[in-house]
Amino acid sequence: MLLLTAGCYTGFEASADGQDADAGTDGVSAGDDTGDEGSGDDGPIPEADAAEVGVSGLRRLSITEYERTVADLTGLQPEAVGEILPIDNLTPFDNDYTTQIPSEPLVKGLEVLAGDIANAVVADPALVGALLPCAPTGPDDAACFDQFITEFGRRALRRKLTDEEVLRYGALLQHGAEAGDFNEAVAAGLRLFLQHPELIYRVEIGEAVEGQPGVFRLGSYEVATRLSYFLTGSTPQPWLLDAAEAGDLDTREGIADAAAQMLESDAARLTIGRFHALWLGYEKLSHEGLSGDMHIESQALVERNIFDERTAWTELLTASETYVTAALAEHYGIPAPEGGEGWVSYEESGRAGLLSHGSFLSVGVKFGDTSPTQRGLLVRTRLFCQEIPLPADDLMVDVDEPPGADPDACKEERYYMPNEPACAACHQLMDPIGFGLEQYDASGALRFEEPGKPECEISGNGDFAGVGAFNGPKELGEMAVESGLVEACASRMLYRYATGHFELDEHDEALIERVLEDQGGTFELFGFVEAYVGSEAFRHRRELQGGE
């Protein structure tokens with residue numbers, strides 16, 4: 001992987017200044033000597049702690065992480081990133097390094113983006129003024145340009161630049177001198193850094209831990225980067241880099257203090273909200289006029305329960321109030337809030353918690369209508385972390401309803417696969433759950449009969465095999481909480497998001513189980529975050545073995 005990155009690095013630098021520059025073609029030599037002095041004592045860690053250290057691969061910024069990083073670095077919100085870069089695979093998260101494959105479209109897309117962003121920044125005097133740490137005296141002000149390279153490079157590469165790098169990148173000043181415009185040099189520097197492999201990729205090297213083969217202690221800048229992208233989805237803020245440089249992140253206490261400060265930020269609220277949206281599948285909605293309202297509703301509930309009240313995570317599933325606009329309240333058939341939007345009680349509507357939101361109920365839809373199979377699959381795999389095996393190839397059908405179903409029959413008759421011997425084992429796990437949500441259409445509106453079929457009444461009765469019967473999202477949420485199964489799943493999903501890989505091994509499971517046990521089997525998001533970032537697993541990485 002490093003050899004590939006090295007190859008990209010040469011091309012990136014050549015394009016950064018618009019010609020075949022000789023500003024350095026030494027691969028990732030800077031990344032091999034990051035100036036990271038390690039995180040404290042280099043002795044072994046307790047074996048129980050070492051057993052919790054998971055593997056860490058080379059992680060590329062997702063499209064959203066790149067957008068937020070650019071915005072934090074330059075003050076400019078980049079446009080069309082998702083249209084230019086290859087899409088991120090969802091597993092369900094968009095940051096799984098095991099699915100990230102380098103490609104020519106990625107490299108070319110980053111080159112285009114870096115150029116567009118650099119041009120947009122230097123065209124805006126306010127952005128340039130905020131970006132530069134000094135006022136240039138002319139187009140060839142080397143001292144000011146070196147200061148820009150030093151400070152911006154530190155933020156972009158998430159580490160202190162070496163003297164050799166500052167000297168090498170300082171050669172880009174020639175573009176300002178030749179054009180008679182200092183901003184031309186700034187643009188060249190931006191083009192270089194915004195497609196630099198160490199910005200695009202999160203490289204974790206660390207130092208080998210004595211007596212524990214394959215375990216490496218991360219450097220302080222590496223810890224800062226882990227922490228920042230986990231909790232805010234973006235590059236470390238200057239104060240966090242300062243903390244890393246000062247050695248404040250060399251201890252559990254220092255990391256905990258930094259995490260607590262980050263969790264007070266708006267960026268953390270946005271990131272944790274997006275974690276839920278990716279996890280439960282509702283990040284992208286397509287309801288004309290209501291998608292924004294639905295996102296606001298779900299985000300408000302996450303922020304209220306997790307950040308403002310810091311309740312147990314399961315209360316997201318049983319909340320008796322929701323935050324709606326007047327239009328969304330009308331859509332749901334519940335009382336409208338005063339003042340146009342706000343918190344209202346569900347009262348006796350049969351709704352409660354996140355599972356009643358139009359955002360969640362919009363997932364698992366095919367061909368314009370709800371799919372009991374897809375909804376049941378969503379609940380099983382996302383909310384309970386249960387695996388549903390794929391059917392054999394000869395049983396796979398690319399249709400929503402079973403082949404041969406009577407199109408005029410009611411849906412419960414059309415979905416007969418739970419009664420088919422070859423299909424029953426899987427469909428009995430999914431379809432009865434989906435039918436328990438059938439009284440809510442593909443946008444979350446209440447209904448009591450099938451569209452265009454008044455003779456087909458919808459009972460809303462469902463059954464979760466092995467857990468119990470229910471009717472509607474309120475009862476499903478209550479049953480999920482009472483089962484005690486969803487908290488272990490929530491813990492695993494948050495850990496997967498934090499570490500950037502979906503498949504868990506024995507080291508990952510050891511940490512998750514220990515944290516859950518320490519918390520009495522309950523999942524409180526802040527508590528899990530504090531336990532994870534305070535663990536030795538967060539300050540270390542395990543080397544990838546061949547084939548992993």
# chains A, B, ... in the order shown; residues from 1 in each chain; ligands from 1

call {"tool": "closest_atom_pairs", "arguments": {"of": "segment 315-399 of chain A", "to": "segment 281-296 of chain A", "cutoff": "7 Å", "atoms": "only C-alpha atoms", "output": "tab-separated table"}}
result
residue	atom	partner	partner_atom	distance
A:Thr325	CA	A:Asp293	CA	6.6
A:Leu328	CA	A:Asp293	CA	6.7
A:Gly358	CA	A:Met294	CA	6.0
A:Ser359	CA	A:Tyr282	CA	5.5
A:Phe360	CA	A:Tyr282	CA	5.9
A:Val363	CA	A:Gly281	CA	6.3

call {"tool": "write_last_selection", "arguments": {"atoms": "C-alpha atoms", "output": "CSV table (one decimal), in the first residue's frame"}}
result
chain,number,residue,atom,x,y,z
A,325,THR,CA,-42.4,21.0,11.6
A,328,LEU,CA,-44.3,16.9,9.1
A,358,GLY,CA,-40.3,9.0,8.5
A,359,SER,CA,-36.5,8.8,8.0
A,360,PHE,CA,-36.3,5.2,9.4
A,363,VAL,CA,-35.7,2.6,4.4

call {"tool": "select_by_dssp", "arguments": {"residues": "segment 328-393 of chain A", "states": "strand (DSSP E or B)", "output": "compact mmCIF listing (two decimals) with N, CA and C atoms, in the first residue's frame"}}
result
# COMPACT_ATOMS: atom_id res chain seq x y z
N GLU A 341 -42.58 24.88 14.41
CA GLU A 341 -41.85 23.64 14.64
C GLU A 341 -41.44 23.56 16.10
N GLY A 342 -41.23 22.35 16.58
CA GLY A 342 -40.85 22.16 17.97
C GLY A 342 -41.19 20.76 18.44
N TRP A 343 -41.08 20.54 19.75
CA TRP A 343 -41.34 19.23 20.34
C TRP A 343 -42.82 19.06 20.61
N VAL A 344 -43.34 17.90 20.25
CA VAL A 344 -44.74 17.57 20.53
C VAL A 344 -44.81 16.15 21.06
N SER A 345 -45.89 15.85 21.77
CA SER A 345 -46.10 14.51 22.29
C SER A 345 -46.73 13.63 21.22
N VAL A 365 -37.67 0.17 1.12
CA VAL A 365 -38.75 0.41 0.16
C VAL A 365 -38.30 -0.05 -1.22
N LYS A 366 -39.19 -0.69 -1.95
CA LYS A 366 -38.89 -1.10 -3.33
C LYS A 366 -40.10 -0.82 -4.21
N ASP A 369 -43.26 1.18 -2.85
CA ASP A 369 -44.07 0.77 -1.71
C ASP A 369 -43.18 0.07 -0.69
N THR A 370 -43.74 -0.14 0.47
CA THR A 370 -42.99 -0.80 1.53
C THR A 370 -42.75 -2.26 1.16

call {"tool": "atom_distance", "arguments": {"atom1": "atom CA of Ala336 of chain A", "atom2": "atom CA of Arg304 of chain A"}}
result
19.5 Å

call {"tool": "closest_residue", "arguments": {"among": "A:Ala71, A:Ala188, A:Ala312, A:Ala510", "to": "Gly54 of chain A", "atoms": "only C-alpha atoms"}}
result
A:Ala510

call {"tool": "residues_around", "arguments": {"residues": "segment 476-479 of chain A", "least_positions_apart": "6", "cutoff": "8 Å", "atoms": "only C-alpha atoms", "output": "compact mmCIF listing (two decimals) with all heavy atoms, in the first residue's frame"}}
result
# COMPACT_ATOMS: atom_id res chain seq x y z
N LEU A 317 -35.30 4.81 21.20
CA LEU A 317 -36.33 3.92 20.65
C LEU A 317 -37.67 4.06 21.35
O LEU A 317 -38.68 3.54 20.85
CB LEU A 317 -35.86 2.46 20.73
CG LEU A 317 -34.52 2.13 20.08
CD1 LEU A 317 -34.23 0.64 20.20
CD2 LEU A 317 -34.47 2.57 18.63
N THR A 318 -37.69 4.72 22.50
CA THR A 318 -38.93 4.79 23.27
C THR A 318 -39.38 6.21 23.56
O THR A 318 -40.35 6.40 24.31
CB THR A 318 -38.74 4.04 24.61
OG1 THR A 318 -37.68 4.66 25.36
CG2 THR A 318 -38.42 2.57 24.38
N ALA A 352 -43.56 6.08 18.73
CA ALA A 352 -42.62 6.38 19.80
C ALA A 352 -41.21 6.19 19.25
O ALA A 352 -40.93 5.22 18.54
CB ALA A 352 -42.82 5.47 21.03
N GLY A 353 -40.35 7.12 19.55
CA GLY A 353 -38.94 6.97 19.23
C GLY A 353 -38.58 7.00 17.76
O GLY A 353 -39.39 7.28 16.87
N LEU A 355 -37.88 4.75 15.61
CA LEU A 355 -38.47 3.80 14.66
C LEU A 355 -39.78 4.33 14.09
O LEU A 355 -40.30 3.76 13.12
CB LEU A 355 -38.70 2.45 15.33
CG LEU A 355 -37.46 1.78 15.96
CD1 LEU A 355 -37.79 0.39 16.44
CD2 LEU A 355 -36.29 1.75 15.00
N VAL A 467 -38.33 -13.34 19.93
CA VAL A 467 -38.44 -12.19 20.83
C VAL A 467 -39.88 -11.96 21.24
O VAL A 467 -40.21 -11.89 22.42
CB VAL A 467 -37.86 -10.92 20.18
CG1 VAL A 467 -37.99 -9.73 21.12
CG2 VAL A 467 -36.40 -11.14 19.80
N GLY A 468 -40.80 -11.84 20.27
CA GLY A 468 -42.19 -11.66 20.62
C GLY A 468 -43.00 -10.97 19.54
O GLY A 468 -42.47 -10.52 18.53
N PHE A 470 -45.68 -7.95 18.16
CA PHE A 470 -45.79 -6.50 18.35
C PHE A 470 -46.71 -5.92 17.30
O PHE A 470 -47.04 -6.59 16.31
CB PHE A 470 -44.41 -5.83 18.29
CG PHE A 470 -43.80 -5.85 16.91
CD1 PHE A 470 -43.94 -4.77 16.05
CD2 PHE A 470 -43.09 -6.96 16.47
CE1 PHE A 470 -43.39 -4.79 14.77
CE2 PHE A 470 -42.53 -6.99 15.19
CZ PHE A 470 -42.69 -5.91 14.34

call {"tool": "residues_around", "arguments": {"residues": "Ala48 of chain A", "least_positions_apart": "5", "cutoff": "10 Å", "atoms": "only C-alpha atoms", "output": "ChimeraX atom specification"}}
result
/A:53,510-511,536

call {"tool": "write_last_selection", "arguments": {"atoms": "all heavy atoms", "output": "PDB file, in the first residue's frame"}}
result
ATOM      1  N   VAL A  53      -6.293  -4.791  21.466  1.00  0.00           N
ATOM      2  CA  VAL A  53      -5.784  -3.931  20.391  1.00  0.00           C
ATOM      3  C   VAL A  53      -6.143  -4.539  19.039  1.00  0.00           C
ATOM      4  O   VAL A  53      -5.734  -5.653  18.718  1.00  0.00           O
ATOM      5  CB  VAL A  53      -4.259  -3.750  20.507  1.00  0.00           C
ATOM      6  CG1 VAL A  53      -3.737  -2.926  19.324  1.00  0.00           C
ATOM      7  CG2 VAL A  53      -3.908  -3.080  21.821  1.00  0.00           C
ATOM      8  N   ALA A 510     -13.143  -8.536  22.217  1.00  0.00           N
ATOM      9  CA  ALA A 510     -12.688  -8.480  23.606  1.00  0.00           C
ATOM     10  C   ALA A 510     -12.899  -7.088  24.192  1.00  0.00           C
ATOM     11  O   ALA A 510     -13.355  -6.938  25.332  1.00  0.00           O
ATOM     12  CB  ALA A 510     -11.216  -8.876  23.693  1.00  0.00           C
ATOM     13  N   LEU A 511     -12.588  -6.044  23.417  1.00  0.00           N
ATOM     14  CA  LEU A 511     -12.775  -4.680  23.918  1.00  0.00           C
ATOM     15  C   LEU A 511     -14.255  -4.359  24.081  1.00  0.00           C
ATOM     16  O   LEU A 511     -14.678  -3.822  25.110  1.00  0.00           O
ATOM     17  CB  LEU A 511     -12.122  -3.678  22.978  1.00  0.00           C
ATOM     18  CG  LEU A 511     -12.260  -2.222  23.457  1.00  0.00           C
ATOM     19  CD1 LEU A 511     -10.953  -1.468  23.324  1.00  0.00           C
ATOM     20  CD2 LEU A 511     -13.362  -1.485  22.693  1.00  0.00           C
ATOM     21  N   GLU A 536      -6.143   1.235  26.068  1.00  0.00           N
ATOM     22  CA  GLU A 536      -4.868   1.071  25.357  1.00  0.00           C
ATOM     23  C   GLU A 536      -5.127   0.741  23.887  1.00  0.00           C
ATOM     24  O   GLU A 536      -4.303   1.036  23.027  1.00  0.00           O
ATOM     25  CB  GLU A 536      -4.040  -0.043  26.005  1.00  0.00           C
ATOM     26  CG  GLU A 536      -3.532   0.284  27.398  1.00  0.00           C
ATOM     27  CD  GLU A 536      -2.520   1.425  27.424  1.00  0.00           C
ATOM     28  OE1 GLU A 536      -2.036   1.824  26.340  1.00  0.00           O
ATOM     29  OE2 GLU A 536      -2.212   1.917  28.519  1.00  0.00           O
TER      30      GLU A 536
END

call {"tool": "closest_atom_pairs", "arguments": {"of": "segment 406-508 of chain A", "to": "segment 96-109 of chain A", "cutoff": "7 Å", "atoms": "only C-alpha atoms", "output": "tab-separated table"}}
result
residue	atom	partner	partner_atom	distance
A:Gly500	CA	A:Asp96	CA	4.4
A:His501	CA	A:Asp96	CA	4.7
A:Phe502	CA	A:Asp96	CA	6.8

call {"tool": "write_last_selection", "arguments": {"atoms": "N, CA and C atoms", "output": "PDB file, in the first residue's frame"}}
result
ATOM      1  N   GLY A 500     -13.250   1.901  11.336  1.00  0.00           N
ATOM      2  CA  GLY A 500     -13.207   1.854   9.887  1.00  0.00           C
ATOM      3  C   GLY A 500     -13.147   0.457   9.305  1.00  0.00           C
ATOM      4  N   HIS A 501     -13.707  -0.510   9.990  1.00  0.00           N
ATOM      5  CA  HIS A 501     -13.842  -1.839   9.387  1.00  0.00           C
ATOM      6  C   HIS A 501     -15.028  -2.550  10.017  1.00  0.00           C
ATOM      7  N   PHE A 502     -15.780  -3.271   9.192  1.00  0.00           N
ATOM      8  CA  PHE A 502     -17.020  -3.905   9.656  1.00  0.00           C
ATOM      9  C   PHE A 502     -16.771  -5.251  10.319  1.00  0.00           C
TER      10      PHE A 502
END

call {"tool": "closest_residue", "arguments": {"among": "A:Arg68, A:Arg252, A:Arg168, A:His196", "to": "Gln237 of chain A", "atoms": "only C-alpha atoms"}}
result
A:Arg68

call {"tool": "atom_distance", "arguments": {"atom1": "atom CA of Pro197 of chain A", "atom2": "atom CA of Ala268 of chain A"}}
result
25.3 Å

call {"tool": "atom_distance", "arguments": {"atom1": "atom CA of Phe464 of chain A", "atom2": "atom CA of Asp441 of chain A"}}
result
19.8 Å

call {"tool": "closest_residue", "arguments": {"among": "A:Leu73, A:Val223, A:Ile433, A:Ala319", "to": "Ala258 of chain A", "atoms": "only C-alpha atoms"}}
result
A:Val223

call {"tool": "decode", "arguments": {"residues": "segment 445-477 of chain A", "atoms": "N, CA, C and O atoms", "output": "mmCIF file, in the first residue's frame"}}
result
data_model
loop_
_atom_site.group_PDB
_atom_site.id
_atom_site.type_symbol
_atom_site.label_atom_id
_atom_site.label_comp_id
_atom_site.auth_asym_id
_atom_site.auth_seq_id
_atom_site.Cartn_x
_atom_site.Cartn_y
_atom_site.Cartn_z
ATOM 1 N N ALA A 445 -46.182 7.810 6.773
ATOM 2 C CA ALA A 445 -47.563 8.229 7.039
ATOM 3 C C ALA A 445 -48.400 7.017 7.429
ATOM 4 O O ALA A 445 -48.199 5.906 6.927
ATOM 5 N N LEU A 446 -49.355 7.242 8.319
ATOM 6 C CA LEU A 446 -50.212 6.167 8.804
ATOM 7 C C LEU A 446 -51.243 5.790 7.741
ATOM 8 O O LEU A 446 -51.785 6.644 7.034
ATOM 9 N N ARG A 447 -51.511 4.498 7.634
ATOM 10 C CA ARG A 447 -52.522 4.002 6.699
ATOM 11 C C ARG A 447 -53.139 2.734 7.303
ATOM 12 O O ARG A 447 -52.516 2.067 8.136
ATOM 13 N N PHE A 448 -54.344 2.406 6.863
ATOM 14 C CA PHE A 448 -55.022 1.223 7.383
ATOM 15 C C PHE A 448 -55.457 0.264 6.284
ATOM 16 O O PHE A 448 -56.032 -0.778 6.563
ATOM 17 N N GLU A 449 -55.156 0.620 5.049
ATOM 18 C CA GLU A 449 -55.472 -0.263 3.934
ATOM 19 C C GLU A 449 -54.415 -0.097 2.859
ATOM 20 O O GLU A 449 -53.715 0.922 2.794
ATOM 21 N N GLU A 450 -54.274 -1.083 2.016
ATOM 22 C CA GLU A 450 -53.259 -1.038 0.966
ATOM 23 C C GLU A 450 -53.654 -0.025 -0.106
ATOM 24 O O GLU A 450 -54.846 0.167 -0.379
ATOM 25 N N PRO A 451 -52.674 0.643 -0.709
ATOM 26 C CA PRO A 451 -52.971 1.637 -1.741
ATOM 27 C C PRO A 451 -53.787 1.045 -2.880
ATOM 28 O O PRO A 451 -53.408 0.034 -3.479
ATOM 29 N N GLY A 452 -54.927 1.669 -3.156
ATOM 30 C CA GLY A 452 -55.768 1.218 -4.257
ATOM 31 C C GLY A 452 -56.535 -0.059 -3.987
ATOM 32 O O GLY A 452 -57.203 -0.580 -4.882
ATOM 33 N N LYS A 453 -56.436 -0.582 -2.758
ATOM 34 C CA LYS A 453 -57.125 -1.835 -2.430
ATOM 35 C C LYS A 453 -57.829 -1.688 -1.079
ATOM 36 O O LYS A 453 -57.362 -2.202 -0.060
ATOM 37 N N PRO A 454 -58.940 -0.986 -1.043
ATOM 38 C CA PRO A 454 -59.629 -0.780 0.228
ATOM 39 C C PRO A 454 -60.085 -2.074 0.872
ATOM 40 O O PRO A 454 -60.330 -2.119 2.087
ATOM 41 N N GLU A 455 -60.203 -3.134 0.081
ATOM 42 C CA GLU A 455 -60.604 -4.421 0.651
ATOM 43 C C GLU A 455 -59.470 -5.091 1.427
ATOM 44 O O GLU A 455 -59.703 -6.061 2.165
ATOM 45 N N CYS A 456 -58.235 -4.577 1.250
ATOM 46 C CA CYS A 456 -57.078 -5.171 1.930
ATOM 47 C C CYS A 456 -56.720 -4.331 3.153
ATOM 48 O O CYS A 456 -55.920 -3.373 3.076
ATOM 49 N N GLU A 457 -57.317 -4.655 4.274
ATOM 50 C CA GLU A 457 -57.015 -3.936 5.502
ATOM 51 C C GLU A 457 -55.648 -4.357 6.039
ATOM 52 O O GLU A 457 -55.229 -5.503 5.886
ATOM 53 N N ILE A 458 -54.974 -3.405 6.666
ATOM 54 C CA ILE A 458 -53.641 -3.656 7.224
ATOM 55 C C ILE A 458 -53.766 -3.735 8.740
ATOM 56 O O ILE A 458 -54.150 -2.762 9.391
ATOM 57 N N SER A 459 -53.418 -4.868 9.297
ATOM 58 C CA SER A 459 -53.546 -5.053 10.745
ATOM 59 C C SER A 459 -52.386 -4.429 11.508
ATOM 60 O O SER A 459 -52.543 -3.978 12.637
ATOM 61 N N GLY A 460 -51.205 -4.421 10.899
ATOM 62 C CA GLY A 460 -50.019 -3.921 11.589
ATOM 63 C C GLY A 460 -49.462 -4.890 12.601
ATOM 64 O O GLY A 460 -48.569 -4.531 13.377
ATOM 65 N N ASN A 461 -49.953 -6.118 12.596
ATOM 66 C CA ASN A 461 -49.452 -7.120 13.535
ATOM 67 C C ASN A 461 -48.167 -7.739 12.996
ATOM 68 O O ASN A 461 -48.077 -8.103 11.824
ATOM 69 N N GLY A 462 -47.182 -7.823 13.851
ATOM 70 C CA GLY A 462 -45.912 -8.406 13.460
ATOM 71 C C GLY A 462 -45.397 -9.366 14.493
ATOM 72 O O GLY A 462 -45.923 -9.445 15.613
ATOM 73 N N ASP A 463 -44.384 -10.101 14.113
ATOM 74 C CA ASP A 463 -43.794 -11.069 15.040
ATOM 75 C C ASP A 463 -42.289 -11.118 14.822
ATOM 76 O O ASP A 463 -41.821 -11.242 13.690
ATOM 77 N N PHE A 464 -41.560 -10.966 15.899
ATOM 78 C CA PHE A 464 -40.101 -11.070 15.868
ATOM 79 C C PHE A 464 -39.754 -12.431 16.455
ATOM 80 O O PHE A 464 -39.790 -12.624 17.662
ATOM 81 N N ALA A 465 -39.470 -13.388 15.561
ATOM 82 C CA ALA A 465 -39.231 -14.760 15.999
ATOM 83 C C ALA A 465 -38.135 -14.803 17.071
ATOM 84 O O ALA A 465 -37.047 -14.275 16.893
ATOM 85 N N GLY A 466 -38.467 -15.415 18.181
ATOM 86 C CA GLY A 466 -37.516 -15.536 19.267
ATOM 87 C C GLY A 466 -37.566 -14.406 20.262
ATOM 88 O O GLY A 466 -36.919 -14.450 21.302
ATOM 89 N N VAL A 467 -38.335 -13.343 19.928
ATOM 90 C CA VAL A 467 -38.436 -12.190 20.825
ATOM 91 C C VAL A 467 -39.884 -11.962 21.240
ATOM 92 O O VAL A 467 -40.208 -11.887 22.422
ATOM 93 N N GLY A 468 -40.802 -11.836 20.268
ATOM 94 C CA GLY A 468 -42.194 -11.663 20.623
ATOM 95 C C GLY A 468 -43.001 -10.973 19.545
ATOM 96 O O GLY A 468 -42.470 -10.517 18.529
ATOM 97 N N ALA A 469 -44.317 -10.893 19.782
ATOM 98 C CA ALA A 469 -45.234 -10.234 18.853
ATOM 99 C C ALA A 469 -45.323 -8.749 19.179
ATOM 100 O O ALA A 469 -45.097 -8.327 20.316
ATOM 101 N N PHE A 470 -45.676 -7.950 18.158
ATOM 102 C CA PHE A 470 -45.787 -6.503 18.354
ATOM 103 C C PHE A 470 -46.707 -5.918 17.301
ATOM 104 O O PHE A 470 -47.044 -6.588 16.307
ATOM 105 N N ASN A 471 -47.107 -4.689 17.505
ATOM 106 C CA ASN A 471 -47.906 -3.969 16.523
ATOM 107 C C ASN A 471 -47.386 -2.545 16.436
ATOM 108 O O ASN A 471 -47.529 -1.765 17.374
ATOM 109 N N GLY A 472 -46.739 -2.221 15.323
ATOM 110 C CA GLY A 472 -46.260 -0.869 15.091
ATOM 111 C C GLY A 472 -44.901 -0.561 15.696
ATOM 112 O O GLY A 472 -44.343 -1.329 16.482
ATOM 113 N N PRO A 473 -44.350 0.593 15.340
ATOM 114 C CA PRO A 473 -42.991 0.959 15.751
ATOM 115 C C PRO A 473 -42.837 1.173 17.251
ATOM 116 O O PRO A 473 -41.764 0.904 17.802
ATOM 117 N N LYS A 474 -43.875 1.653 17.929
ATOM 118 C CA LYS A 474 -43.767 1.856 19.364
ATOM 119 C C LYS A 474 -43.540 0.539 20.080
ATOM 120 O O LYS A 474 -42.612 0.412 20.902
ATOM 121 N N GLU A 475 -44.355 -0.454 19.776
ATOM 122 C CA GLU A 475 -44.207 -1.750 20.429
ATOM 123 C C GLU A 475 -42.923 -2.444 20.000
ATOM 124 O O GLU A 475 -42.300 -3.149 20.802
ATOM 125 N N LEU A 476 -42.526 -2.259 18.749
ATOM 126 C CA LEU A 476 -41.252 -2.843 18.304
ATOM 127 C C LEU A 476 -40.096 -2.248 19.087
ATOM 128 O O LEU A 476 -39.187 -2.969 19.536
ATOM 129 N N GLY A 477 -40.112 -0.922 19.274
ATOM 130 C CA GLY A 477 -39.045 -0.279 20.033
ATOM 131 C C GLY A 477 -39.004 -0.754 21.463
ATOM 132 O O GLY A 477 -37.924 -1.037 22.019
#
